[in-house]
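This report refers to the structure that appears directly beneath it.
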Amino acid sequence: MGRIRGIMGDIARQTDLLLWSLCSAATLYGILLILSATHTVYHGSLKYVIVQGVGWCIGSVAYFLLSGIDVVELSKKWKWLFGFNIGLILLLLTPLGIVRNGNRAWLGVKWFPVNIQPAEIVKITFIILLAYQLVCLSEKGNLVRFSNVIQPTAHVMFMFCFYYVISHDAGSGLVYLFVFVCMAFAAGLARRWLALGIGGVTVGLVAAWKLKLLRGDWYDRIMVILDHSYQPRGKGWQQTRGMLALGSGGLTGQGLFNGTQTQSPYRTSLPERQTDFIFCVCGEELGFIGCLVIIAILLAIVVRCFVVAHDANTKLESLVCVGMAGMLIFQTIANIGMCLFLLPVVGLTLPFFSYGGSSIVTLYAAMGIVSGIKKRSRPEWLMN
């Protein structure tokens, strides 16, 4: 018993248990919602709950293991990290690549029950690479000069275009762009360059819209946001049903396992209820209060990442924490905005809450890196 207590004490000293507790609270809450979301439509099958639970366990192990990794030393292997990113995405072009809803964004084999989404894994290594690049450029001069600005911009645009051309998954690609903006701002990139870049992207999107250069399904996805009566039985069906579920929940909801849409045996009543629209499940069955709890937990995780960024020993570690927080912020806003019929459907799940074994594991891995940075930010006498 004494040895076990010693091991547990070492784990407590080597990791950020508060961050892990927040992540676990979100995951367990999500598992409860997934159980309710799949209870009727999948005839009581516990497959999704079991996969999510296993993902939580594996993710927790990854969290504790990665808490011991020095991200500064890891970033020095930038060539290997970049090669890993390219190689993993290229695997989508092999027979391992799986096409869903027109996107080749998953890897899997028939005998394995869980598919892997390379974009989830690459987000972590991309953030480390971008942090290393921004620090190196800031040490050479500053991030005001155009020559220093163009390099990280080219990096993120290459990753976005490379991934999109192969997978056609714009949602995950947009995460890279948002993370870049957050990290570049934190690194001290001149605001005029950020404003110019955001303005240029906005003008480009408007031009593509006017010239009808957008892919057909993207035109429809945006149109249903601008006009909710557009294709109510087509591209607008998912969000229309999601809003119906959310609106019927009121303040406290209809009760767990009692939601009209959530407990419908027909999958089309609330499509993708355990993944993209898990927030709608919460709204219908646990109401506005249940949704506020989700937002509060995710906000606490993001704030914790920013606190660790503030106390980090090095600029690189600080930027990595900002990147991880930016990733969570974008996915949360995109998913909840989609459920509220304010943003188009981009296939981004709600972090820690939505079903997805590989997603859960990679999220815990990302937070494990933040935990490791927190550990190294402590005074030496507290670490011993």
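By order in the structure tokens, chains are A, B, ...; within a chain, residues start at 1; ligands start at 1, following the order shown.
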
- Pick out each residue of segment 148-364 of chain A that DSSP on the backbone tags as alpha helix (DSSP H); I need them as a PyMOL selection string. chain A and resi 148-167+170-187+191-210+216-226+237-249+278-311+315-339+357-364

- With a distance cut-off of 12 Å and only C-alpha atoms, select the neighbouring residues of Phe84 of chain A, excluding the residue or stretch itself and same-chain residues fewer than 5 positions from it, and output the selection as a PyMOL selection string. chain A and resi 77-79+89-91+118-119+121-126+129

- Message: Just want the 8 Å neighbourhood of segment 224-240 of chain A, counted on only C-alpha atoms, with same-chain residues fewer than 3 positions away dropped. Output as a VMD selection string.
- Response: chain A and resid 220 to 221 243 to 244 270 to 271 338 to 344

Next, the residues of the selection above should be written as a PDB file, in the first residue's frame with N, CA and C atoms.
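Dumped to result12.pdb:
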```
ATOM      1  N   ASP A 220     -25.058  25.404 -50.428  1.00  0.00           N
ATOM      2  CA  ASP A 220     -26.305  25.066 -49.740  1.00  0.00           C
ATOM      3  C   ASP A 220     -26.165  25.213 -48.229  1.00  0.00           C
ATOM      4  N   ARG A 221     -25.016  24.818 -47.681  1.00  0.00           N
ATOM      5  CA  ARG A 221     -24.816  24.922 -46.232  1.00  0.00           C
ATOM      6  C   ARG A 221     -24.864  26.368 -45.760  1.00  0.00           C
ATOM      7  N   MET A 243     -32.605  22.470 -33.775  1.00  0.00           N
ATOM      8  CA  MET A 243     -33.249  23.619 -33.138  1.00  0.00           C
ATOM      9  C   MET A 243     -34.568  23.222 -32.492  1.00  0.00           C
ATOM     10  N   LEU A 244     -35.282  22.294 -33.111  1.00  0.00           N
ATOM     11  CA  LEU A 244     -36.532  21.807 -32.534  1.00  0.00           C
ATOM     12  C   LEU A 244     -36.261  21.132 -31.194  1.00  0.00           C
ATOM     13  N   LEU A 270     -33.418  13.220 -35.159  1.00  0.00           N
ATOM     14  CA  LEU A 270     -32.309  14.075 -34.729  1.00  0.00           C
ATOM     15  C   LEU A 270     -31.031  13.422 -35.235  1.00  0.00           C
ATOM     16  N   PRO A 271     -30.616  13.758 -36.469  1.00  0.00           N
ATOM     17  CA  PRO A 271     -29.439  13.104 -37.067  1.00  0.00           C
ATOM     18  C   PRO A 271     -28.160  13.378 -36.279  1.00  0.00           C
ATOM     19  N   MET A 338     -23.321  25.777 -34.869  1.00  0.00           N
ATOM     20  CA  MET A 338     -24.025  24.910 -35.816  1.00  0.00           C
ATOM     21  C   MET A 338     -25.349  24.438 -35.215  1.00  0.00           C
ATOM     22  N   CYS A 339     -25.314  24.051 -33.942  1.00  0.00           N
ATOM     23  CA  CYS A 339     -26.533  23.576 -33.277  1.00  0.00           C
ATOM     24  C   CYS A 339     -27.565  24.688 -33.112  1.00  0.00           C
ATOM     25  N   LEU A 340     -27.087  25.932 -32.963  1.00  0.00           N
ATOM     26  CA  LEU A 340     -27.982  27.078 -32.797  1.00  0.00           C
ATOM     27  C   LEU A 340     -28.425  27.667 -34.138  1.00  0.00           C
ATOM     28  N   PHE A 341     -28.033  27.015 -35.236  1.00  0.00           N
ATOM     29  CA  PHE A 341     -28.407  27.461 -36.582  1.00  0.00           C
ATOM     30  C   PHE A 341     -27.798  28.822 -36.912  1.00  0.00           C
ATOM     31  N   LEU A 342     -26.621  29.100 -36.336  1.00  0.00           N
ATOM     32  CA  LEU A 342     -25.935  30.358 -36.596  1.00  0.00           C
ATOM     33  C   LEU A 342     -24.747  30.181 -37.535  1.00  0.00           C
ATOM     34  N   LEU A 343     -24.219  28.974 -37.605  1.00  0.00           N
ATOM     35  CA  LEU A 343     -23.059  28.664 -38.440  1.00  0.00           C
ATOM     36  C   LEU A 343     -23.354  27.416 -39.262  1.00  0.00           C
ATOM     37  N   PRO A 344     -22.717  27.267 -40.415  1.00  0.00           N
ATOM     38  CA  PRO A 344     -22.967  26.084 -41.247  1.00  0.00           C
ATOM     39  C   PRO A 344     -22.397  24.813 -40.623  1.00  0.00           C
TER      40      PRO A 344
END
```

- Shell of 9 Å around Ser172 of chain A, only C-alpha atoms, local chain residues under 2 positions omitted, as a ChimeraX atom specification: /A:119-120,123,160,163-164,169-170,174-176,331,346-348

Based on the selection just made, write all heavy atoms of those residues as a tab-separated table (two decimals), in the first residue's frame.
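Resulting contents of result_19.tsv:
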```tsv
chain	number	residue	atom	x	y	z
A	119	ALA	N	-6.51	14.26	-38.98
A	119	ALA	CA	-6.53	15.70	-38.67
A	119	ALA	C	-6.49	15.95	-37.18
A	119	ALA	O	-5.90	16.93	-36.71
A	119	ALA	CB	-7.78	16.34	-39.27
A	120	GLU	N	-7.10	15.05	-36.39
A	120	GLU	CA	-7.11	15.21	-34.93
A	120	GLU	C	-5.69	15.10	-34.37
A	120	GLU	O	-5.30	15.87	-33.49
A	120	GLU	CB	-8.01	14.16	-34.29
A	120	GLU	CG	-9.48	14.27	-34.66
A	120	GLU	CD	-10.13	15.50	-34.06
A	120	GLU	OE1	-9.64	16.01	-33.04
A	120	GLU	OE2	-11.14	15.97	-34.62
A	123	LYS	N	-3.25	18.04	-35.59
A	123	LYS	CA	-3.45	19.32	-34.91
A	123	LYS	C	-2.40	19.54	-33.83
A	123	LYS	O	-1.86	20.64	-33.66
A	123	LYS	CB	-4.84	19.39	-34.28
A	123	LYS	CG	-5.98	19.55	-35.24
A	123	LYS	CD	-7.31	19.45	-34.49
A	123	LYS	CE	-8.48	19.33	-35.46
A	123	LYS	NZ	-9.75	19.08	-34.73
A	160	PHE	N	-3.43	23.70	-44.70
A	160	PHE	CA	-4.87	23.76	-44.97
A	160	PHE	C	-5.17	23.23	-46.37
A	160	PHE	O	-6.06	22.38	-46.54
A	160	PHE	CB	-5.37	25.21	-44.85
A	160	PHE	CG	-6.80	25.39	-45.26
A	160	PHE	CD1	-7.83	25.06	-44.41
A	160	PHE	CD2	-7.11	25.89	-46.53
A	160	PHE	CE1	-9.16	25.22	-44.80
A	160	PHE	CE2	-8.42	26.04	-46.93
A	160	PHE	CZ	-9.45	25.71	-46.06
A	163	TYR	N	-4.32	19.37	-46.80
A	163	TYR	CA	-5.30	18.50	-46.15
A	163	TYR	C	-6.64	18.54	-46.89
A	163	TYR	O	-7.27	17.50	-47.10
A	163	TYR	CB	-5.49	18.89	-44.69
A	163	TYR	CG	-6.52	18.07	-43.98
A	163	TYR	CD1	-6.28	16.73	-43.66
A	163	TYR	CD2	-7.78	18.60	-43.66
A	163	TYR	CE1	-7.25	15.96	-43.04
A	163	TYR	CE2	-8.74	17.83	-43.04
A	163	TYR	CZ	-8.46	16.51	-42.73
A	163	TYR	OH	-9.43	15.74	-42.13
A	164	TYR	N	-7.05	19.73	-47.30
A	164	TYR	CA	-8.36	19.85	-47.95
A	164	TYR	C	-8.38	19.15	-49.31
A	164	TYR	O	-9.37	18.49	-49.65
A	164	TYR	CB	-8.74	21.32	-48.12
A	164	TYR	CG	-10.07	21.50	-48.81
A	164	TYR	CD1	-11.25	21.25	-48.13
A	164	TYR	CD2	-10.14	21.89	-50.15
A	164	TYR	CE1	-12.48	21.39	-48.77
A	164	TYR	CE2	-11.37	22.03	-50.78
A	164	TYR	CZ	-12.53	21.78	-50.09
A	164	TYR	OH	-13.74	21.90	-50.72
A	169	ASP	N	-12.27	17.88	-46.37
A	169	ASP	CA	-12.83	18.19	-45.05
A	169	ASP	C	-12.41	19.60	-44.66
A	169	ASP	O	-11.37	19.82	-44.06
A	169	ASP	CB	-12.32	17.16	-44.04
A	169	ASP	CG	-12.81	17.44	-42.62
A	169	ASP	OD1	-13.76	18.24	-42.47
A	169	ASP	OD2	-12.25	16.87	-41.67
A	170	ALA	N	-13.25	20.57	-45.01
A	170	ALA	CA	-12.92	21.97	-44.75
A	170	ALA	C	-13.00	22.31	-43.27
A	170	ALA	O	-12.28	23.17	-42.77
A	170	ALA	CB	-13.85	22.89	-45.53
A	174	LEU	N	-10.18	24.37	-41.22
A	174	LEU	CA	-10.39	25.70	-40.65
A	174	LEU	C	-9.81	25.83	-39.24
A	174	LEU	O	-9.46	26.93	-38.82
A	174	LEU	CB	-11.89	26.02	-40.63
A	174	LEU	CG	-12.54	26.27	-41.99
A	174	LEU	CD1	-14.06	26.40	-41.84
A	174	LEU	CD2	-11.97	27.52	-42.65
A	175	VAL	N	-9.71	24.72	-38.54
A	175	VAL	CA	-9.12	24.75	-37.20
A	175	VAL	C	-7.67	25.24	-37.28
A	175	VAL	O	-7.23	26.03	-36.45
A	175	VAL	CB	-9.17	23.35	-36.55
A	175	VAL	CG1	-8.48	23.39	-35.18
A	175	VAL	CG2	-10.59	22.88	-36.39
A	176	TYR	N	-6.95	24.79	-38.31
A	176	TYR	CA	-5.55	25.20	-38.46
A	176	TYR	C	-5.46	26.72	-38.64
A	176	TYR	O	-4.58	27.37	-38.06
A	176	TYR	CB	-4.93	24.51	-39.68
A	176	TYR	CG	-4.85	23.00	-39.57
A	176	TYR	CD1	-5.56	22.18	-40.44
A	176	TYR	CD2	-4.06	22.41	-38.59
A	176	TYR	CE1	-5.49	20.80	-40.34
A	176	TYR	CE2	-3.98	21.03	-38.49
A	176	TYR	CZ	-4.70	20.23	-39.36
A	176	TYR	OH	-4.63	18.88	-39.25
A	331	GLN	N	-13.45	24.75	-32.06
A	331	GLN	CA	-14.33	23.60	-32.18
A	331	GLN	C	-15.60	23.80	-31.38
A	331	GLN	O	-16.69	23.42	-31.80
A	331	GLN	CB	-13.61	22.32	-31.73
A	331	GLN	CG	-12.54	21.86	-32.68
A	331	GLN	CD	-12.00	20.49	-32.36
A	331	GLN	OE1	-10.83	20.19	-32.59
A	331	GLN	NE2	-12.82	19.63	-31.80
A	346	VAL	N	-20.04	21.98	-40.34
A	346	VAL	CA	-18.68	21.74	-40.84
A	346	VAL	C	-18.10	20.43	-40.32
A	346	VAL	O	-16.93	20.14	-40.52
A	346	VAL	CB	-17.74	22.91	-40.47
A	346	VAL	CG1	-18.13	24.17	-41.22
A	346	VAL	CG2	-17.73	23.16	-38.97
A	347	GLY	N	-18.91	19.65	-39.62
A	347	GLY	CA	-18.46	18.34	-39.19
A	347	GLY	C	-17.53	18.35	-37.99
A	347	GLY	O	-16.81	17.38	-37.77
A	348	LEU	N	-17.52	19.43	-37.21
A	348	LEU	CA	-16.68	19.49	-36.02
A	348	LEU	C	-17.49	19.12	-34.79
A	348	LEU	O	-18.56	19.66	-34.55
A	348	LEU	CB	-16.09	20.90	-35.85
A	348	LEU	CG	-15.03	21.31	-36.87
A	348	LEU	CD1	-14.59	22.74	-36.62
A	348	LEU	CD2	-13.83	20.38	-36.82
```

- Message: Taking 6 positions as the minimum chain separation for residues in the same chain, which residues sit within 12 Å of Ala300 of chain A when counting only C-alpha atoms? Answer as a PyMOL selection string.
- Response: chain A and resi 18-23+25-26+293-294+306-307+325+328-329

Just to be explicit: take each residue in the selection above, keep all heavy atoms, and write the result as a JSON list (two decimals), in the first residue's frame.
```
[["chain", "number", "residue", "atom", "x", "y", "z"],
["A", 18, "LEU", "N", -5.87, 19.11, -11.78],
["A", 18, "LEU", "CA", -7.06, 19.95, -11.96],
["A", 18, "LEU", "C", -7.51, 19.92, -13.42],
["A", 18, "LEU", "O", -8.71, 19.76, -13.70],
["A", 18, "LEU", "CB", -6.76, 21.39, -11.53],
["A", 18, "LEU", "CG", -7.89, 22.41, -11.79],
["A", 18, "LEU", "CD1", -9.16, 21.99, -11.08],
["A", 18, "LEU", "CD2", -7.46, 23.81, -11.37],
["A", 19, "LEU", "N", -6.57, 20.03, -14.33],
["A", 19, "LEU", "CA", -6.91, 20.00, -15.76],
["A", 19, "LEU", "C", -7.47, 18.65, -16.14],
["A", 19, "LEU", "O", -8.47, 18.55, -16.87],
["A", 19, "LEU", "CB", -5.67, 20.32, -16.60],
["A", 19, "LEU", "CG", -5.85, 20.33, -18.12],
["A", 19, "LEU", "CD1", -6.92, 21.34, -18.53],
["A", 19, "LEU", "CD2", -4.53, 20.64, -18.83],
["A", 20, "TRP", "N", -6.85, 17.57, -15.64],
["A", 20, "TRP", "CA", -7.34, 16.23, -15.93],
["A", 20, "TRP", "C", -8.75, 16.04, -15.36],
["A", 20, "TRP", "O", -9.62, 15.43, -16.00],
["A", 20, "TRP", "CB", -6.41, 15.17, -15.36],
["A", 20, "TRP", "CG", -6.92, 13.77, -15.57],
["A", 20, "TRP", "CD1", -6.84, 13.02, -16.70],
["A", 20, "TRP", "CD2", -7.62, 12.97, -14.61],
["A", 20, "TRP", "NE1", -7.44, 11.79, -16.52],
["A", 20, "TRP", "CE2", -7.92, 11.73, -15.24],
["A", 20, "TRP", "CE3", -8.00, 13.16, -13.29],
["A", 20, "TRP", "CZ2", -8.61, 10.71, -14.59],
["A", 20, "TRP", "CZ3", -8.69, 12.14, -12.63],
["A", 20, "TRP", "CH2", -8.97, 10.93, -13.27],
["A", 21, "SER", "N", -9.01, 16.57, -14.19],
["A", 21, "SER", "CA", -10.33, 16.44, -13.56],
["A", 21, "SER", "C", -11.39, 17.17, -14.38],
["A", 21, "SER", "O", -12.51, 16.67, -14.55],
["A", 21, "SER", "CB", -10.29, 17.00, -12.14],
["A", 21, "SER", "OG", -9.40, 16.28, -11.32],
["A", 22, "LEU", "N", -11.05, 18.33, -14.89],
["A", 22, "LEU", "CA", -11.99, 19.08, -15.73],
["A", 22, "LEU", "C", -12.31, 18.32, -17.02],
["A", 22, "LEU", "O", -13.47, 18.22, -17.44],
["A", 22, "LEU", "CB", -11.43, 20.46, -16.06],
["A", 22, "LEU", "CG", -11.36, 21.47, -14.90],
["A", 22, "LEU", "CD1", -10.56, 22.70, -15.33],
["A", 22, "LEU", "CD2", -12.75, 21.87, -14.44],
["A", 23, "CYS", "N", -11.26, 17.77, -17.64],
["A", 23, "CYS", "CA", -11.44, 16.99, -18.87],
["A", 23, "CYS", "C", -12.29, 15.74, -18.59],
["A", 23, "CYS", "O", -13.17, 15.39, -19.39],
["A", 23, "CYS", "CB", -10.10, 16.59, -19.46],
["A", 23, "CYS", "SG", -9.07, 17.97, -20.00],
["A", 25, "ALA", "N", -14.47, 15.33, -16.14],
["A", 25, "ALA", "CA", -15.85, 15.73, -15.86],
["A", 25, "ALA", "C", -16.61, 15.94, -17.16],
["A", 25, "ALA", "O", -17.78, 15.52, -17.31],
["A", 25, "ALA", "CB", -15.86, 17.01, -15.03],
["A", 26, "ALA", "N", -15.96, 16.58, -18.14],
["A", 26, "ALA", "CA", -16.59, 16.80, -19.44],
["A", 26, "ALA", "C", -16.87, 15.47, -20.14],
["A", 26, "ALA", "O", -17.95, 15.26, -20.71],
["A", 26, "ALA", "CB", -15.69, 17.68, -20.31],
["A", 293, "VAL", "N", -23.89, 24.21, -18.17],
["A", 293, "VAL", "CA", -22.86, 23.39, -17.51],
["A", 293, "VAL", "C", -21.80, 22.96, -18.52],
["A", 293, "VAL", "O", -20.59, 22.99, -18.23],
["A", 293, "VAL", "CB", -23.50, 22.16, -16.83],
["A", 293, "VAL", "CG1", -22.43, 21.22, -16.29],
["A", 293, "VAL", "CG2", -24.43, 22.60, -15.70],
["A", 294, "ILE", "N", -22.23, 22.56, -19.71],
["A", 294, "ILE", "CA", -21.28, 22.19, -20.77],
["A", 294, "ILE", "C", -20.34, 23.35, -21.07],
["A", 294, "ILE", "O", -19.11, 23.20, -21.11],
["A", 294, "ILE", "CB", -22.03, 21.77, -22.05],
["A", 294, "ILE", "CG1", -22.66, 20.40, -21.87],
["A", 294, "ILE", "CG2", -21.06, 21.74, -23.25],
["A", 294, "ILE", "CD1", -23.41, 19.91, -23.09],
["A", 306, "PHE", "N", -4.87, 28.82, -20.68],
["A", 306, "PHE", "CA", -4.31, 30.18, -20.71],
["A", 306, "PHE", "C", -3.51, 30.49, -19.44],
["A", 306, "PHE", "O", -2.50, 31.19, -19.51],
["A", 306, "PHE", "CB", -5.43, 31.20, -20.90],
["A", 306, "PHE", "CG", -5.92, 31.32, -22.31],
["A", 306, "PHE", "CD1", -7.27, 31.25, -22.61],
["A", 306, "PHE", "CD2", -5.02, 31.49, -23.37],
["A", 306, "PHE", "CE1", -7.72, 31.37, -23.92],
["A", 306, "PHE", "CE2", -5.46, 31.61, -24.68],
["A", 306, "PHE", "CZ", -6.82, 31.55, -24.95],
["A", 307, "VAL", "N", -3.95, 29.97, -18.31],
["A", 307, "VAL", "CA", -3.20, 30.17, -17.06],
["A", 307, "VAL", "C", -1.83, 29.51, -17.16],
["A", 307, "VAL", "O", -0.81, 30.09, -16.77],
["A", 307, "VAL", "CB", -3.99, 29.61, -15.85],
["A", 307, "VAL", "CG1", -3.11, 29.57, -14.61],
["A", 307, "VAL", "CG2", -5.23, 30.45, -15.59],
["A", 325, "ALA", "N", -5.54, 25.89, -26.59],
["A", 325, "ALA", "CA", -6.76, 26.60, -26.20],
["A", 325, "ALA", "C", -7.53, 27.07, -27.43],
["A", 325, "ALA", "O", -8.76, 26.97, -27.48],
["A", 325, "ALA", "CB", -6.40, 27.79, -25.31],
["A", 328, "LEU", "N", -9.56, 24.27, -28.96],
["A", 328, "LEU", "CA", -10.80, 24.00, -28.22],
["A", 328, "LEU", "C", -11.84, 25.09, -28.45],
["A", 328, "LEU", "O", -13.03, 24.81, -28.60],
["A", 328, "LEU", "CB", -10.49, 23.88, -26.72],
["A", 328, "LEU", "CG", -9.60, 22.70, -26.30],
["A", 328, "LEU", "CD1", -9.33, 22.77, -24.80],
["A", 328, "LEU", "CD2", -10.26, 21.38, -26.66],
["A", 329, "ILE", "N", -11.39, 26.35, -28.47],
["A", 329, "ILE", "CA", -12.31, 27.47, -28.66],
["A", 329, "ILE", "C", -13.02, 27.36, -30.01],
["A", 329, "ILE", "O", -14.24, 27.50, -30.11],
["A", 329, "ILE", "CB", -11.56, 28.81, -28.56],
["A", 329, "ILE", "CG1", -11.11, 29.06, -27.11],
["A", 329, "ILE", "CG2", -12.44, 29.96, -29.03],
["A", 329, "ILE", "CD1", -10.18, 30.25, -26.96]]
```

- Would you mind listing what lies within 10 Å of Asp70 of chain A as a list in words, with only C-alpha atoms counted and same-chain residues fewer than 5 positions away left out? Ser75, Glu317, Ile369, Gly372, Ile373 and Arg376 of chain A

- Counting only C-alpha atoms, closest pick from A:Trp56, A:Phe180, A:Phe158, A:Phe277 relative to Asn85 of chain A is A:Phe158

- Task: Would you mind telling me which residue in A:Val41, A:Leu81, A:Val72, A:Ile31 lies nearest to Pro265 of chain A when using only C-alpha atoms?
- Result: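 Among the listed residues, the smallest separation from Pro265 of chain A belongs to A:Val41.
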
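One finds atom CA of Asp217 of chain A at 19.5 Å from atom CA of Ile98 of chain A.
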
- Message: Between atom CA of Thr252 of chain A and atom CA of Tyr42 of chain A, what is the distance in Å, rounded to a tenth?
- Response: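 The value is 25.5 Å.
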
- Message: Calculated over only C-alpha atoms, which of the candidates A:Trp209, A:Ile116, A:Gly259, A:Leu96 has the smallest distance to Thr40 of chain A?
- Response: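 Checking each of A:Trp209, A:Ile116, A:Gly259, A:Leu96 against Thr40 of chain A, counting only C-alpha atoms, the winner is A:Gly259.
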
- Residues at most 8 Å from Cys282 of chain A, counting only C-alpha atoms, excluding those fewer than 5 positions away in the same chain, as a PyMOL selection string? chain A and resi 33+246+287+290-291

- Pick from A:Ser358, A:Ser147, A:Thr153, A:Ser377, whichever lies nearest to Gly108 of chain A using only C-alpha atoms: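 Smallest distance to Gly108 of chain A is found for A:Ser358.
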